[in-house]
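Below: one structure, written as structure tokens.
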Amino acid sequence: MSEVKSALRQTAYAARKGAFALCAQTGAVSAATTHLLAEIGPAQGRVIAGYLPIRTEIDPRPVMAALHHAGARIGVPVIAGPGLPLDFRLWTPDTALIPGPFGAMIPESGDWVTPDTLIVPLVGFDAACNRLGYGGGFYDRTLARLAASSPVRAIGLAFAAQELPPLPLEPTDIALDAIVTETGVIRPATHP
């Protein structure tokens, strides 16, 4: 199965790279921002995890900043170690950042938070909102840990071009509640 997922990752990386370049020219990412804010809903008093983008991921920081200004506490992932779930450190638009694992920036310091909603980066996805990540299993372990103690919502953020045929699934794979792209919102039950 790892060879199949590896090949799918290569296809999705190429699609994401092309979509990233095209959307940068057309400004289509702002449509994804609008869709994501609507999907998340009211922010006041909530704890929402975003991410600090690497490579050609869609940048969620405009959404994170808007949610912060609307009264949400925003966390970003910090890798505690291989095979472990992610932890989330408080982020604001003014937070001092330092390099973290895998080229992602992380807050230099700050409180740890437990999100009720996660904005999730991905390499690819399918119509059932299954996520193809980077292969480390960090988000699957994190979603399982969070869901064990309270309801949590996971919303993928991607370019529409990153959609793949049905993904091969492993028992530890956890589907997302929705995928937001520049063309709209995909939910497992409503995708054509």
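Ordered as shown in the structure tokens, chains take letters A, B, and onward, while each chain numbers its residues from 1 and ligands are numbered from 1 in the order shown.
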Test item: residues at most 6 Å from region 106-123 of chain A, only C-alpha atoms, excluding those fewer than 4 positions along its chain, as a list in words: Ala12, Val47, Ile48, Ala49, Gly50, Phe88, Arg89, Leu90, Ala96, Leu97, Ile98, Gly100, Leu132, Gly133, Val152, Arg153, Ala154, Ile155, Gly156 and Leu157 of chain A
DSSP strand (DSSP E) residues within region 89-170 of chain A, as a PyMOL selection string: chain A and resi 89-91+97-99+105-107+112-113+117-121+124-125+131-132+153-157
Spatial neighbours of Cys129 (chain A), max dist 7 Å, only C-alpha atoms, sep filter under 5 positions, as JSON, numbers by chain: {"A": [175, 176, 177, 178, 179, 187, 188]}
Store the residues picked out above in a file with all heavy atoms, as an mmCIF file, in the first residue's frame.
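New file again.cif:
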```cif
data_model
loop_
_atom_site.group_PDB
_atom_site.id
_atom_site.type_symbol
_atom_site.label_atom_id
_atom_site.label_comp_id
_atom_site.auth_asym_id
_atom_site.auth_seq_id
_atom_site.Cartn_x
_atom_site.Cartn_y
_atom_site.Cartn_z
ATOM 1 N N ALA A 175 -11.074 10.115 7.985
ATOM 2 C CA ALA A 175 -11.619 11.041 6.994
ATOM 3 C C ALA A 175 -11.862 12.404 7.632
ATOM 4 O O ALA A 175 -12.119 12.518 8.834
ATOM 5 C CB ALA A 175 -12.919 10.492 6.413
ATOM 6 N N LEU A 176 -11.781 13.443 6.812
ATOM 7 C CA LEU A 176 -12.053 14.802 7.269
ATOM 8 C C LEU A 176 -13.551 15.083 7.166
ATOM 9 O O LEU A 176 -14.281 14.415 6.436
ATOM 10 C CB LEU A 176 -11.261 15.799 6.429
ATOM 11 C CG LEU A 176 -9.738 15.591 6.437
ATOM 12 C CD1 LEU A 176 -9.059 16.590 5.505
ATOM 13 C CD2 LEU A 176 -9.177 15.703 7.837
ATOM 14 N N ASP A 177 -14.009 16.089 7.892
ATOM 15 C CA ASP A 177 -15.421 16.456 7.855
ATOM 16 C C ASP A 177 -15.780 17.214 6.588
ATOM 17 O O ASP A 177 -16.929 17.177 6.141
ATOM 18 C CB ASP A 177 -15.774 17.295 9.084
ATOM 19 C CG ASP A 177 -15.586 16.497 10.365
ATOM 20 O OD1 ASP A 177 -16.324 15.515 10.543
ATOM 21 O OD2 ASP A 177 -14.677 16.827 11.145
ATOM 22 N N ALA A 178 -14.814 17.907 6.019
ATOM 23 C CA ALA A 178 -15.033 18.670 4.787
ATOM 24 C C ALA A 178 -13.670 19.000 4.194
ATOM 25 O O ALA A 178 -12.654 18.974 4.892
ATOM 26 C CB ALA A 178 -15.806 19.954 5.074
ATOM 27 N N ILE A 179 -13.685 19.302 2.902
ATOM 28 C CA ILE A 179 -12.502 19.816 2.211
ATOM 29 C C ILE A 179 -12.916 21.134 1.589
ATOM 30 O O ILE A 179 -13.925 21.206 0.874
ATOM 31 C CB ILE A 179 -12.018 18.868 1.082
ATOM 32 C CG1 ILE A 179 -11.805 17.446 1.577
ATOM 33 C CG2 ILE A 179 -10.787 19.444 0.403
ATOM 34 C CD1 ILE A 179 -10.554 17.192 2.338
ATOM 35 N N ARG A 187 -18.181 17.872 0.967
ATOM 36 C CA ARG A 187 -18.515 17.046 2.120
ATOM 37 C C ARG A 187 -18.783 15.643 1.605
ATOM 38 O O ARG A 187 -19.320 15.491 0.507
ATOM 39 C CB ARG A 187 -19.740 17.596 2.843
ATOM 40 C CG ARG A 187 -19.485 18.938 3.504
ATOM 41 C CD ARG A 187 -20.732 19.455 4.226
ATOM 42 N NE ARG A 187 -20.554 20.850 4.576
ATOM 43 C CZ ARG A 187 -20.781 21.870 3.763
ATOM 44 N NH1 ARG A 187 -21.216 21.659 2.538
ATOM 45 N NH2 ARG A 187 -20.574 23.111 4.159
ATOM 46 N N PRO A 188 -18.460 14.625 2.359
ATOM 47 C CA PRO A 188 -18.615 13.254 1.849
ATOM 48 C C PRO A 188 -20.001 12.942 1.274
ATOM 49 O O PRO A 188 -20.115 12.321 0.243
ATOM 50 C CB PRO A 188 -18.325 12.371 3.058
ATOM 51 C CG PRO A 188 -17.506 13.217 3.961
ATOM 52 C CD PRO A 188 -17.922 14.631 3.713
#
```
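When only C-alpha atoms are used to measure the gap to Phe159 (chain A), the shortest distance among A:Tyr139, A:Phe102, A:Phe125, A:Tyr134 belongs to A:Phe125.
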Residue nearest Ala189 (chain A) among A:Ala43, A:Ala144, A:Ala127, A:Pro99 (counting only C-alpha atoms): A:Ala127
Distance query Lys5 (chain A) at most 9 Å, only C-alpha atoms, self and fewer than 6 positions along chain excluded, as an MDAnalysis selection string: chainID A and resid 132 135 167:168
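Considering the residues A:Gln162, A:Thr34, A:Thr92, A:Thr181 and counting only C-alpha atoms, Tyr51 (chain A) has its shortest atom-to-atom contact with A:Thr92.
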Spatial neighbours of Pro82 (chain A), 10 Å, only C-alpha atoms, chain gap at least 2 places, as a PyMOL selection string: chain A and resi 79-80+84-86+136-138
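For the set A:Ala160, A:Leu143, A:Ala65, A:Val78, the residue with the smallest atom-to-atom gap to Asp173 (chain A) is A:Leu143, counting only C-alpha atoms.
Non-sequential neighbours of Ala31 (chain A) (distance at most 10 Å, separation of 3 or more positions within a chain, only C-alpha atoms) are Cys23, Gly27, Ala28, Thr34, His35, Leu36, Val180, Thr181, Glu182, Thr183 and Gly184 of chain A.
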For Leu169 (chain A), the nearest of the candidates A:Ile58, A:Ala70, A:Val4, A:Ala14, counting only C-alpha atoms: A:Val4
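For the choices A:Ile74, A:Gln10, A:Met105, A:Glu163, the atom-to-atom distance to Ile54 (chain A) is smallest for A:Met105 when using only C-alpha atoms.
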Please identify which residues in chain A DSSP calls alpha helix (DSSP H) from the backbone, and express them as a PDB file with N, CA, C and O atoms, in the first residue's frame.
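Heads up, here's the output in states_28.pdb:
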```pdb
ATOM      1  N   SER A   2       2.035   1.203   0.646  1.00  0.00           N
ATOM      2  CA  SER A   2       2.877   2.395   0.708  1.00  0.00           C
ATOM      3  C   SER A   2       3.353   2.818  -0.679  1.00  0.00           C
ATOM      4  O   SER A   2       3.494   4.011  -0.942  1.00  0.00           O
ATOM      5  N   GLU A   3       3.562   1.848  -1.603  1.00  0.00           N
ATOM      6  CA  GLU A   3       3.983   2.207  -2.962  1.00  0.00           C
ATOM      7  C   GLU A   3       2.856   2.930  -3.693  1.00  0.00           C
ATOM      8  O   GLU A   3       3.097   3.877  -4.430  1.00  0.00           O
ATOM      9  N   VAL A   4       1.617   2.467  -3.486  1.00  0.00           N
ATOM     10  CA  VAL A   4       0.462   3.111  -4.124  1.00  0.00           C
ATOM     11  C   VAL A   4       0.308   4.528  -3.606  1.00  0.00           C
ATOM     12  O   VAL A   4       0.134   5.478  -4.387  1.00  0.00           O
ATOM     13  N   LYS A   5       0.386   4.692  -2.288  1.00  0.00           N
ATOM     14  CA  LYS A   5       0.254   6.033  -1.711  1.00  0.00           C
ATOM     15  C   LYS A   5       1.400   6.937  -2.153  1.00  0.00           C
ATOM     16  O   LYS A   5       1.196   8.127  -2.402  1.00  0.00           O
ATOM     17  N   SER A   6       2.581   6.394  -2.283  1.00  0.00           N
ATOM     18  CA  SER A   6       3.722   7.188  -2.732  1.00  0.00           C
ATOM     19  C   SER A   6       3.497   7.699  -4.152  1.00  0.00           C
ATOM     20  O   SER A   6       3.764   8.865  -4.456  1.00  0.00           O
ATOM     21  N   ALA A   7       2.986   6.851  -5.028  1.00  0.00           N
ATOM     22  CA  ALA A   7       2.703   7.270  -6.404  1.00  0.00           C
ATOM     23  C   ALA A   7       1.600   8.332  -6.426  1.00  0.00           C
ATOM     24  O   ALA A   7       1.684   9.316  -7.178  1.00  0.00           O
ATOM     25  N   LEU A   8       0.571   8.140  -5.608  1.00  0.00           N
ATOM     26  CA  LEU A   8      -0.501   9.135  -5.530  1.00  0.00           C
ATOM     27  C   LEU A   8       0.024  10.471  -5.004  1.00  0.00           C
ATOM     28  O   LEU A   8      -0.399  11.536  -5.457  1.00  0.00           O
ATOM     29  N   ARG A   9       0.943  10.415  -4.042  1.00  0.00           N
ATOM     30  CA  ARG A   9       1.543  11.649  -3.528  1.00  0.00           C
ATOM     31  C   ARG A   9       2.254  12.416  -4.641  1.00  0.00           C
ATOM     32  O   ARG A   9       2.150  13.638  -4.734  1.00  0.00           O
ATOM     33  N   GLN A  10       2.999  11.709  -5.480  1.00  0.00           N
ATOM     34  CA  GLN A  10       3.725  12.369  -6.568  1.00  0.00           C
ATOM     35  C   GLN A  10       2.750  13.056  -7.525  1.00  0.00           C
ATOM     36  O   GLN A  10       2.982  14.184  -7.957  1.00  0.00           O
ATOM     37  N   THR A  11       1.650  12.383  -7.852  1.00  0.00           N
ATOM     38  CA  THR A  11       0.618  12.964  -8.712  1.00  0.00           C
ATOM     39  C   THR A  11       0.019  14.208  -8.058  1.00  0.00           C
ATOM     40  O   THR A  11      -0.137  15.254  -8.699  1.00  0.00           O
ATOM     41  N   ALA A  12      -0.309  14.092  -6.776  1.00  0.00           N
ATOM     42  CA  ALA A  12      -0.935  15.211  -6.062  1.00  0.00           C
ATOM     43  C   ALA A  12       0.035  16.372  -5.877  1.00  0.00           C
ATOM     44  O   ALA A  12      -0.366  17.542  -5.983  1.00  0.00           O
ATOM     45  N   TYR A  13       1.314  16.089  -5.603  1.00  0.00           N
ATOM     46  CA  TYR A  13       2.309  17.162  -5.486  1.00  0.00           C
ATOM     47  C   TYR A  13       2.378  17.967  -6.786  1.00  0.00           C
ATOM     48  O   TYR A  13       2.423  19.198  -6.775  1.00  0.00           O
ATOM     49  N   ALA A  14       2.423  17.260  -7.916  1.00  0.00           N
ATOM     50  CA  ALA A  14       2.504  17.942  -9.214  1.00  0.00           C
ATOM     51  C   ALA A  14       1.260  18.791  -9.455  1.00  0.00           C
ATOM     52  O   ALA A  14       1.351  19.938  -9.912  1.00  0.00           O
ATOM     53  N   ALA A  15       0.086  18.245  -9.125  1.00  0.00           N
ATOM     54  CA  ALA A  15      -1.159  19.001  -9.293  1.00  0.00           C
ATOM     55  C   ALA A  15      -1.184  20.225  -8.387  1.00  0.00           C
ATOM     56  O   ALA A  15      -1.592  21.311  -8.795  1.00  0.00           O
ATOM     57  N   ARG A  16      -0.724  20.040  -7.144  1.00  0.00           N
ATOM     58  CA  ARG A  16      -0.712  21.169  -6.197  1.00  0.00           C
ATOM     59  C   ARG A  16       0.236  22.255  -6.666  1.00  0.00           C
ATOM     60  O   ARG A  16      -0.079  23.449  -6.589  1.00  0.00           O
ATOM     61  N   LYS A  17       1.404  21.862  -7.157  1.00  0.00           N
ATOM     62  CA  LYS A  17       2.382  22.840  -7.633  1.00  0.00           C
ATOM     63  C   LYS A  17       1.807  23.664  -8.786  1.00  0.00           C
ATOM     64  O   LYS A  17       1.920  24.883  -8.804  1.00  0.00           O
ATOM     65  N   GLY A  18       1.147  23.001  -9.729  1.00  0.00           N
ATOM     66  CA  GLY A  18       0.536  23.713 -10.848  1.00  0.00           C
ATOM     67  C   GLY A  18      -0.587  24.627 -10.403  1.00  0.00           C
ATOM     68  O   GLY A  18      -0.702  25.775 -10.856  1.00  0.00           O
ATOM     69  N   ALA A  19      -1.438  24.137  -9.495  1.00  0.00           N
ATOM     70  CA  ALA A  19      -2.552  24.941  -8.994  1.00  0.00           C
ATOM     71  C   ALA A  19      -2.047  26.131  -8.190  1.00  0.00           C
ATOM     72  O   ALA A  19      -2.600  27.235  -8.274  1.00  0.00           O
ATOM     73  N   PHE A  20      -0.986  25.923  -7.423  1.00  0.00           N
ATOM     74  CA  PHE A  20      -0.403  27.008  -6.619  1.00  0.00           C
ATOM     75  C   PHE A  20       0.043  28.150  -7.526  1.00  0.00           C
ATOM     76  O   PHE A  20      -0.261  29.317  -7.271  1.00  0.00           O
ATOM     77  N   ALA A  21       0.741  27.811  -8.607  1.00  0.00           N
ATOM     78  CA  ALA A  21       1.222  28.836  -9.540  1.00  0.00           C
ATOM     79  C   ALA A  21       0.056  29.540 -10.229  1.00  0.00           C
ATOM     80  O   ALA A  21       0.034  30.772 -10.335  1.00  0.00           O
ATOM     81  N   LEU A  22      -0.926  28.789 -10.680  1.00  0.00           N
ATOM     82  CA  LEU A  22      -2.074  29.363 -11.362  1.00  0.00           C
ATOM     83  C   LEU A  22      -2.890  30.251 -10.429  1.00  0.00           C
ATOM     84  O   LEU A  22      -3.270  31.367 -10.781  1.00  0.00           O
ATOM     85  N   CYS A  23      -3.162  29.758  -9.227  1.00  0.00           N
ATOM     86  CA  CYS A  23      -3.973  30.537  -8.279  1.00  0.00           C
ATOM     87  C   CYS A  23      -3.252  31.796  -7.813  1.00  0.00           C
ATOM     88  O   CYS A  23      -3.892  32.799  -7.516  1.00  0.00           O
ATOM     89  N   ALA A  24      -1.920  31.750  -7.746  1.00  0.00           N
ATOM     90  CA  ALA A  24      -1.160  32.952  -7.391  1.00  0.00           C
ATOM     91  C   ALA A  24      -1.362  34.042  -8.438  1.00  0.00           C
ATOM     92  O   ALA A  24      -1.433  35.229  -8.111  1.00  0.00           O
ATOM     93  N   GLN A  25      -1.489  33.648  -9.685  1.00  0.00           N
ATOM     94  CA  GLN A  25      -1.687  34.612 -10.767  1.00  0.00           C
ATOM     95  C   GLN A  25      -3.114  35.133 -10.815  1.00  0.00           C
ATOM     96  O   GLN A  25      -3.348  36.284 -11.140  1.00  0.00           O
ATOM     97  N   THR A  26      -4.080  34.279 -10.499  1.00  0.00           N
ATOM     98  CA  THR A  26      -5.488  34.650 -10.653  1.00  0.00           C
ATOM     99  C   THR A  26      -6.135  35.161  -9.378  1.00  0.00           C
ATOM    100  O   THR A  26      -7.241  35.696  -9.435  1.00  0.00           O
ATOM    101  N   VAL A  29      -7.051  31.991  -4.562  1.00  0.00           N
ATOM    102  CA  VAL A  29      -6.919  31.562  -3.167  1.00  0.00           C
ATOM    103  C   VAL A  29      -7.862  32.359  -2.269  1.00  0.00           C
ATOM    104  O   VAL A  29      -8.358  31.847  -1.269  1.00  0.00           O
ATOM    105  N   SER A  30      -8.147  33.600  -2.632  1.00  0.00           N
ATOM    106  CA  SER A  30      -9.067  34.384  -1.797  1.00  0.00           C
ATOM    107  C   SER A  30     -10.452  33.749  -1.768  1.00  0.00           C
ATOM    108  O   SER A  30     -11.174  33.870  -0.776  1.00  0.00           O
ATOM    109  N   ALA A  31     -10.837  33.031  -2.832  1.00  0.00           N
ATOM    110  CA  ALA A  31     -12.113  32.315  -2.819  1.00  0.00           C
ATOM    111  C   ALA A  31     -12.069  31.188  -1.801  1.00  0.00           C
ATOM    112  O   ALA A  31     -13.045  30.957  -1.069  1.00  0.00           O
ATOM    113  N   ALA A  32     -10.941  30.482  -1.716  1.00  0.00           N
ATOM    114  CA  ALA A  32     -10.801  29.428  -0.711  1.00  0.00           C
ATOM    115  C   ALA A  32     -10.900  30.019   0.691  1.00  0.00           C
ATOM    116  O   ALA A  32     -11.512  29.428   1.585  1.00  0.00           O
ATOM    117  N   THR A  33     -10.308  31.188   0.893  1.00  0.00           N
ATOM    118  CA  THR A  33     -10.373  31.869   2.187  1.00  0.00           C
ATOM    119  C   THR A  33     -11.820  32.166   2.566  1.00  0.00           C
ATOM    120  O   THR A  33     -12.247  31.900   3.690  1.00  0.00           O
ATOM    121  N   THR A  34     -12.578  32.686   1.623  1.00  0.00           N
ATOM    122  CA  THR A  34     -13.989  32.999   1.866  1.00  0.00           C
ATOM    123  C   THR A  34     -14.774  31.737   2.214  1.00  0.00           C
ATOM    124  O   THR A  34     -15.562  31.718   3.168  1.00  0.00           O
ATOM    125  N   HIS A  35     -14.570  30.669   1.434  1.00  0.00           N
ATOM    126  CA  HIS A  35     -15.267  29.400   1.700  1.00  0.00           C
ATOM    127  C   HIS A  35     -14.894  28.838   3.070  1.00  0.00           C
ATOM    128  O   HIS A  35     -15.743  28.313   3.791  1.00  0.00           O
ATOM    129  N   LEU A  36     -13.610  28.936   3.434  1.00  0.00           N
ATOM    130  CA  LEU A  36     -13.156  28.383   4.712  1.00  0.00           C
ATOM    131  C   LEU A  36     -13.753  29.145   5.889  1.00  0.00           C
ATOM    132  O   LEU A  36     -14.211  28.534   6.864  1.00  0.00           O
ATOM    133  N   LEU A  37     -13.767  30.461   5.821  1.00  0.00           N
ATOM    134  CA  LEU A  37     -14.363  31.247   6.904  1.00  0.00           C
ATOM    135  C   LEU A  37     -15.841  30.900   7.088  1.00  0.00           C
ATOM    136  O   LEU A  37     -16.326  30.759   8.217  1.00  0.00           O
ATOM    137  N   ALA A  38     -16.548  30.737   5.976  1.00  0.00           N
ATOM    138  CA  ALA A  38     -17.969  30.376   6.057  1.00  0.00           C
ATOM    139  C   ALA A  38     -18.146  28.981   6.653  1.00  0.00           C
ATOM    140  O   ALA A  38     -19.058  28.747   7.460  1.00  0.00           O
ATOM    141  N   GLU A  39     -17.281  28.046   6.280  1.00  0.00           N
ATOM    142  CA  GLU A  39     -17.388  26.679   6.784  1.00  0.00           C
ATOM    143  C   GLU A  39     -17.092  26.607   8.285  1.00  0.00           C
ATOM    144  O   GLU A  39     -17.723  25.852   9.010  1.00  0.00           O
ATOM    145  N   ILE A  40     -16.147  27.404   8.747  1.00  0.00           N
ATOM    146  CA  ILE A  40     -15.804  27.395  10.179  1.00  0.00           C
ATOM    147  C   ILE A  40     -16.901  28.040  11.009  1.00  0.00           C
ATOM    148  O   ILE A  40     -17.228  27.575  12.091  1.00  0.00           O
ATOM    149  N   ARG A  61      -3.074  31.585   6.687  1.00  0.00           N
ATOM    150  CA  ARG A  61      -2.861  32.676   7.656  1.00  0.00           C
ATOM    151  C   ARG A  61      -3.861  33.820   7.539  1.00  0.00           C
ATOM    152  O   ARG A  61      -4.249  34.372   8.576  1.00  0.00           O
ATOM    153  N   PRO A  62      -4.352  34.192   6.348  1.00  0.00           N
ATOM    154  CA  PRO A  62      -5.399  35.226   6.335  1.00  0.00           C
ATOM    155  C   PRO A  62      -6.654  34.796   7.097  1.00  0.00           C
ATOM    156  O   PRO A  62      -7.265  35.596   7.803  1.00  0.00           O
ATOM    157  N   VAL A  63      -7.017  33.516   6.970  1.00  0.00           N
ATOM    158  CA  VAL A  63      -8.177  33.001   7.711  1.00  0.00           C
ATOM    159  C   VAL A  63      -7.872  32.982   9.205  1.00  0.00           C
ATOM    160  O   VAL A  63      -8.692  33.401  10.033  1.00  0.00           O
ATOM    161  N   MET A  64      -6.683  32.516   9.551  1.00  0.00           N
ATOM    162  CA  MET A  64      -6.294  32.453  10.964  1.00  0.00           C
ATOM    163  C   MET A  64      -6.310  33.843  11.592  1.00  0.00           C
ATOM    164  O   MET A  64      -6.785  34.029  12.713  1.00  0.00           O
ATOM    165  N   ALA A  65      -5.795  34.831  10.868  1.00  0.00           N
ATOM    166  CA  ALA A  65      -5.788  36.206  11.388  1.00  0.00           C
ATOM    167  C   ALA A  65      -7.208  36.727  11.560  1.00  0.00           C
ATOM    168  O   ALA A  65      -7.533  37.350  12.577  1.00  0.00           O
ATOM    169  N   ALA A  66      -8.070  36.466  10.581  1.00  0.00           N
ATOM    170  CA  ALA A  66      -9.466  36.921  10.679  1.00  0.00           C
ATOM    171  C   ALA A  66     -10.163  36.261  11.867  1.00  0.00           C
ATOM    172  O   ALA A  66     -10.898  36.930  12.615  1.00  0.00           O
ATOM    173  N   LEU A  67      -9.935  34.973  12.066  1.00  0.00           N
ATOM    174  CA  LEU A  67     -10.541  34.274  13.196  1.00  0.00           C
ATOM    175  C   LEU A  67     -10.004  34.802  14.527  1.00  0.00           C
ATOM    176  O   LEU A  67     -10.762  34.963  15.495  1.00  0.00           O
ATOM    177  N   HIS A  68      -8.712  35.079  14.565  1.00  0.00           N
ATOM    178  CA  HIS A  68      -8.102  35.654  15.772  1.00  0.00           C
ATOM    179  C   HIS A  68      -8.765  36.995  16.105  1.00  0.00           C
ATOM    180  O   HIS A  68      -9.153  37.236  17.255  1.00  0.00           O
ATOM    181  N   HIS A  69      -8.910  37.841  15.108  1.00  0.00           N
ATOM    182  CA  HIS A  69      -9.515  39.165  15.340  1.00  0.00           C
ATOM    183  C   HIS A  69     -10.999  39.074  15.675  1.00  0.00           C
ATOM    184  O   HIS A  69     -11.554  39.995  16.279  1.00  0.00           O
ATOM    185  N   PHE A 138       0.770  12.028  11.451  1.00  0.00           N
ATOM    186  CA  PHE A 138       0.602  12.968  12.563  1.00  0.00           C
ATOM    187  C   PHE A 138      -0.855  13.408  12.748  1.00  0.00           C
ATOM    188  O   PHE A 138      -1.360  13.434  13.871  1.00  0.00           O
ATOM    189  N   TYR A 139      -1.530  13.772  11.657  1.00  0.00           N
ATOM    190  CA  TYR A 139      -2.902  14.253  11.794  1.00  0.00           C
ATOM    191  C   TYR A 139      -3.859  13.129  12.171  1.00  0.00           C
ATOM    192  O   TYR A 139      -4.791  13.341  12.946  1.00  0.00           O
ATOM    193  N   ASP A 140      -3.663  11.917  11.645  1.00  0.00           N
ATOM    194  CA  ASP A 140      -4.532  10.801  12.038  1.00  0.00           C
ATOM    195  C   ASP A 140      -4.419  10.541  13.536  1.00  0.00           C
ATOM    196  O   ASP A 140      -5.428  10.379  14.229  1.00  0.00           O
ATOM    197  N   ARG A 141      -3.199  10.498  14.069  1.00  0.00           N
ATOM    198  CA  ARG A 141      -3.021  10.282  15.504  1.00  0.00           C
ATOM    199  C   ARG A 141      -3.609  11.437  16.311  1.00  0.00           C
ATOM    200  O   ARG A 141      -4.211  11.232  17.367  1.00  0.00           O
ATOM    201  N   THR A 142      -3.443  12.644  15.816  1.00  0.00           N
ATOM    202  CA  THR A 142      -3.956  13.826  16.513  1.00  0.00           C
ATOM    203  C   THR A 142      -5.479  13.816  16.554  1.00  0.00           C
ATOM    204  O   THR A 142      -6.086  14.057  17.609  1.00  0.00           O
ATOM    205  N   LEU A 143      -6.112  13.545  15.408  1.00  0.00           N
ATOM    206  CA  LEU A 143      -7.576  13.520  15.365  1.00  0.00           C
ATOM    207  C   LEU A 143      -8.133  12.416  16.251  1.00  0.00           C
ATOM    208  O   LEU A 143      -9.129  12.617  16.951  1.00  0.00           O
ATOM    209  N   ALA A 144      -7.479  11.261  16.269  1.00  0.00           N
ATOM    210  CA  ALA A 144      -7.927  10.171  17.141  1.00  0.00           C
ATOM    211  C   ALA A 144      -7.820  10.568  18.614  1.00  0.00           C
ATOM    212  O   ALA A 144      -8.743  10.319  19.400  1.00  0.00           O
ATOM    213  N   ARG A 145      -6.713  11.212  18.989  1.00  0.00           N
ATOM    214  CA  ARG A 145      -6.534  11.628  20.386  1.00  0.00           C
ATOM    215  C   ARG A 145      -7.567  12.687  20.773  1.00  0.00           C
ATOM    216  O   ARG A 145      -8.192  12.600  21.836  1.00  0.00           O
ATOM    217  N   LEU A 146      -7.773  13.694  19.923  1.00  0.00           N
ATOM    218  CA  LEU A 146      -8.718  14.751  20.241  1.00  0.00           C
ATOM    219  C   LEU A 146     -10.149  14.223  20.323  1.00  0.00           C
ATOM    220  O   LEU A 146     -10.897  14.576  21.237  1.00  0.00           O
ATOM    221  N   ALA A 147     -10.537  13.376  19.364  1.00  0.00           N
ATOM    222  CA  ALA A 147     -11.903  12.848  19.332  1.00  0.00           C
ATOM    223  C   ALA A 147     -12.200  11.944  20.529  1.00  0.00           C
ATOM    224  O   ALA A 147     -13.358  11.791  20.914  1.00  0.00           O
ATOM    225  N   ALA A 148     -11.175  11.374  21.131  1.00  0.00           N
ATOM    226  CA  ALA A 148     -11.373  10.503  22.292  1.00  0.00           C
ATOM    227  C   ALA A 148     -11.837  11.283  23.518  1.00  0.00           C
ATOM    228  O   ALA A 148     -12.451  10.706  24.419  1.00  0.00           O
ATOM    229  N   SER A 149     -11.570  12.597  23.549  1.00  0.00           N
ATOM    230  CA  SER A 149     -11.948  13.371  24.731  1.00  0.00           C
ATOM    231  C   SER A 149     -13.090  14.362  24.489  1.00  0.00           C
ATOM    232  O   SER A 149     -13.782  14.726  25.426  1.00  0.00           O
TER     233      SER A 149
END
```
Gap from CA of Asn130 (chain A) to CA of Pro151 (chain A) - Å, one decimal: 18.5 Å
